[in-house]
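Colleague: This is the structure, below, for whatever I ask next.
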Amino acid sequence: MDAFERIAAALERLSPPPPPAADARAHPAYVWRDGVLAATRAFAPQPLDRLLGIERQKAALVDNLERLAGGRAAQDVLLWGARGTGKSALVKSAVGAVQAAGGDLALVEVATLHQLPALFAVLAPVPRAFALFVDDLGVDDPGEARLLRSMLEGGAEARPANVRLLVTANRRHIAARDIAEQESAINPRDSIDDHLALADRFGLSLGFHAIDQDQYLAIVAGYAGAYGLSYDPDLAVRWATQRGSRSGRVAWHYIVDLAGREGVAL
C-alpha cells in the first residue's frame with residue numbers, strides 16, 4: 001500500500017460513510033440527521049391521559065393528526081406558550097395515540113428549518129403520513145422567517161401533501177424580538193405585520209399557559225399513581241418552589257427524584 005492509499009484509508013476511518021437510511025414505512029418515529037432518515041432508538045411517549053390540564057389542546061391535536069393519517073386535509077400546527085407546560089410531550093403522545101388507534105403516521109424530529117426541503121424530497125413519494133416535529137423554534141433571522149412562510153404557504157419549498165409541521169415555541173410570534181427591532185427602523189408597521197403573519201401561517205395554533213398549584217399537584221398525583229409511588233404534597237410543592245415554577249416538566253422531575261429515592265425504575 002503506497003502513501004496515498006494509507007492516507008485515503010486513514011481519512012475513511014476518520015470520516016466513515018453515513019449509515020444507510022431507515023425504511024420510512026417501518027418505524028413509528030425518526031430523526032432527520034445529516035441528510036439521513038434514522039429510526040429512533042425508542043419511541044415510548046406518555047399515554048395521553050397522563051397529560052393533565054390541556055384537554056382542549058389534546059383533542060384538537062389528535063383530531064388534526066387523525067385527519068393527516070387518514071389522508072384528509074390537515075393543518076400545520078403551532079404549539080406555543082410557557083416552558084414546561086407539555087407542548088413537546090403532547091406532540092409525542094398525540095402521535096403515539098393515533099398510531100395505537102391504527103393510523104399510519106410517523107413522527108420525524110428535525111433540528112433546523114434549513115434541513116426541511118431535503119427531507120420533503122425524501123418523504124413526498126412515501127405512501128404514509130408524517131408529522132415533522134420542530135421543537136423550541138425561535139427564528140433567528142429574517143431569511144429563516146421567509147423560508148418558514150414559504151414552506152407553510154405554497155412557496156418554492158412547500159411541503160408535500162402527506163407532511164405537516166408541528167412546531168413548538170415559547171412565544172406565539174416566533175421571531176426574535178431583536179429582529180423585529182432591527183426591521184422596525186425601516187418600517188415599524190410592516191415589521192409587526194410580518195411577524196404576526198408568520199404565526200398566522202399555521203392553521204392550528206394551540207396556547208399553553210402556566211398552571212396553578214392545584215393543577216401542579218394533580219399532575220404529580222397522576223404520575224405517582226401510574227408508577228405506584230406515594231408522595232407528600234408539601235414536599236412536591238417545595239420542589240416546585242425551589243425551582244421557581246410549577247409545570248408538568250417540574251412535576252415529572254419531582255417524580256423521577258421520588259422514584260430514585262424509593263428504588264423504583266421508570
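Each chain in the C-alpha cells gets a letter, A, B and so on, in the order shown; residues start at 1 in every chain, and ligands are counted from 1 in the order they appear.
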When you look at segment 197-212 of chain A with a cut-off of 6 Å (counting only C-alpha atoms), what residues show up, excluding the ones that are within fewer than 5 positions of it in the same chain? I need them as number ranges by chain.

Modeller: A: 75-82, 173

Colleague: What does the file look like for those residues with N, CA, C and O atoms, as a CSV table (one decimal), in the first residue's frame?

Modeller:
```
chain,number,residue,atom,x,y,z
A,75,GLN,N,-54.0,20.5,9.2
A,75,GLN,CA,-53.3,21.8,9.4
A,75,GLN,C,-51.9,21.6,9.8
A,75,GLN,O,-51.5,20.6,10.5
A,76,ASP,N,-51.0,22.6,9.5
A,76,ASP,CA,-49.8,22.7,10.2
A,76,ASP,C,-50.1,23.3,11.6
A,76,ASP,O,-51.0,24.1,11.7
A,77,VAL,N,-49.3,23.0,12.6
A,77,VAL,CA,-49.7,23.3,14.0
A,77,VAL,C,-48.6,24.1,14.7
A,77,VAL,O,-47.4,23.6,14.7
A,78,LEU,N,-48.9,25.2,15.4
A,78,LEU,CA,-48.0,25.9,16.2
A,78,LEU,C,-48.5,25.7,17.7
A,78,LEU,O,-49.6,26.0,18.0
A,79,LEU,N,-47.6,25.1,18.5
A,79,LEU,CA,-47.9,24.9,19.9
A,79,LEU,C,-47.0,25.9,20.7
A,79,LEU,O,-45.8,25.8,20.6
A,80,TRP,N,-47.6,26.9,21.3
A,80,TRP,CA,-46.8,28.0,21.9
A,80,TRP,C,-47.2,28.2,23.3
A,80,TRP,O,-48.3,27.9,23.8
A,81,GLY,N,-46.2,28.8,24.1
A,81,GLY,CA,-46.6,29.1,25.5
A,81,GLY,C,-45.4,28.9,26.4
A,81,GLY,O,-44.3,28.6,26.0
A,82,ALA,N,-45.8,28.9,27.7
A,82,ALA,CA,-44.8,28.8,28.8
A,82,ALA,C,-44.0,27.5,28.7
A,82,ALA,O,-44.5,26.5,28.3
A,173,HIS,N,-45.4,34.6,18.5
A,173,HIS,CA,-45.0,35.3,17.3
A,173,HIS,C,-43.6,34.8,16.8
A,173,HIS,O,-43.2,35.3,15.7
```

Colleague: Using only C-alpha atoms, which residues sit within 12 Å of Ala251 of chain A once same-chain residues fewer than 2 positions away are excluded, as number ranges by chain?

Modeller: A: 50-52, 84-86, 211, 213-224, 231, 233, 235-241, 243, 245-249, 253-258

Colleague: What is the distance between atom CA of Leu132 of chain A and atom CA of Val98 of chain A, in Å to one decimal?

Modeller: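 Atom CA of Val98 of chain A lies at a distance of 14.8 Å from atom CA of Leu132 of chain A.
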
Colleague: Distance atom CA of Gln242 of chain A-atom CA of Leu90 of chain A, one decimal place?

Modeller: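 Spanning atom CA of Gln242 of chain A to atom CA of Leu90 of chain A is a straight-line distance of 25.6 Å.
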
Colleague: Between atom CA of Leu148 of chain A and atom CA of Val110 of chain A, what is the distance, to one decimal in Å?

Modeller: 13.4 Å

Colleague: So that I can see what lies close to segment 35-41 of chain A, please list as JSON, numbers by chain the residues with an atom at most 9 Å from it, counting only C-alpha atoms and leaving out residues fewer than 2 positions away in the same chain.

Modeller: {"A": [18, 19, 20, 21, 22, 23, 24, 26, 27, 28, 29, 30, 31, 32, 33, 43, 108, 115, 118, 119, 122]}

Colleague: Take the residues just selected and output them with C-alpha atoms as an mmCIF file, in the first residue's frame.

Modeller:
```cif
data_model
loop_
_atom_site.group_PDB
_atom_site.id
_atom_site.type_symbol
_atom_site.label_atom_id
_atom_site.label_comp_id
_atom_site.auth_asym_id
_atom_site.auth_seq_id
_atom_site.Cartn_x
_atom_site.Cartn_y
_atom_site.Cartn_z
ATOM 1 C CA PRO A 18 -23.172 7.840 6.688
ATOM 2 C CA PRO A 19 -25.313 4.933 7.867
ATOM 3 C CA PRO A 20 -27.954 3.648 5.464
ATOM 4 C CA ALA A 21 -31.291 5.407 5.656
ATOM 5 C CA ALA A 22 -34.031 3.729 7.657
ATOM 6 C CA ASP A 23 -37.124 2.388 5.899
ATOM 7 C CA ALA A 24 -39.635 5.257 6.011
ATOM 8 C CA ALA A 26 -41.216 0.617 9.052
ATOM 9 C CA HIS A 27 -40.800 2.713 12.220
ATOM 10 C CA PRO A 28 -43.041 4.865 14.436
ATOM 11 C CA ALA A 29 -40.537 7.714 14.807
ATOM 12 C CA TYR A 30 -37.400 9.043 13.149
ATOM 13 C CA VAL A 31 -34.722 11.696 13.444
ATOM 14 C CA TRP A 32 -33.540 13.571 10.339
ATOM 15 C CA ARG A 33 -29.797 13.805 10.917
ATOM 16 C CA PHE A 43 -40.343 5.827 20.957
ATOM 17 C CA VAL A 108 -39.907 12.876 12.315
ATOM 18 C CA GLN A 115 -32.992 20.799 6.749
ATOM 19 C CA ALA A 118 -34.253 17.868 1.556
ATOM 20 C CA LEU A 119 -36.489 15.917 3.937
ATOM 21 C CA VAL A 122 -37.405 12.079 0.720
#
```

Colleague: So that I can see what lies close to Phe130 of chain A, please list as a PyMOL selection string the residues with an atom at most 6 Å from it, counting only C-alpha atoms and leaving out residues fewer than 3 positions away in the same chain.

Modeller: chain A and resi 105-107+163

Colleague: Which residue, A:Leu113, A:Ala259, A:Val62, A:Leu147, has the smallest gap to Ala101 of chain A when you use only C-alpha atoms?

Modeller: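 Looking only at the distances to Ala101 of chain A, the closest residue turns out to be A:Val62.
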
Colleague: Restricting the calculation to only C-alpha atoms, which member of A:Ala129, A:Ala69, A:Ala89, A:Leu152 is positioned closest to Pro117 of chain A?

Modeller: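 Looking at the shortest contact to Pro117 of chain A, the residue is A:Leu152.
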
Colleague: Return as number ranges by chain the full set of residues in segment 34-252 of chain A whose backbone-based DSSP assignment is strand (DSSP E).

Modeller: A: 36-39, 77-81, 105-110, 129-134, 163-169, 204-208
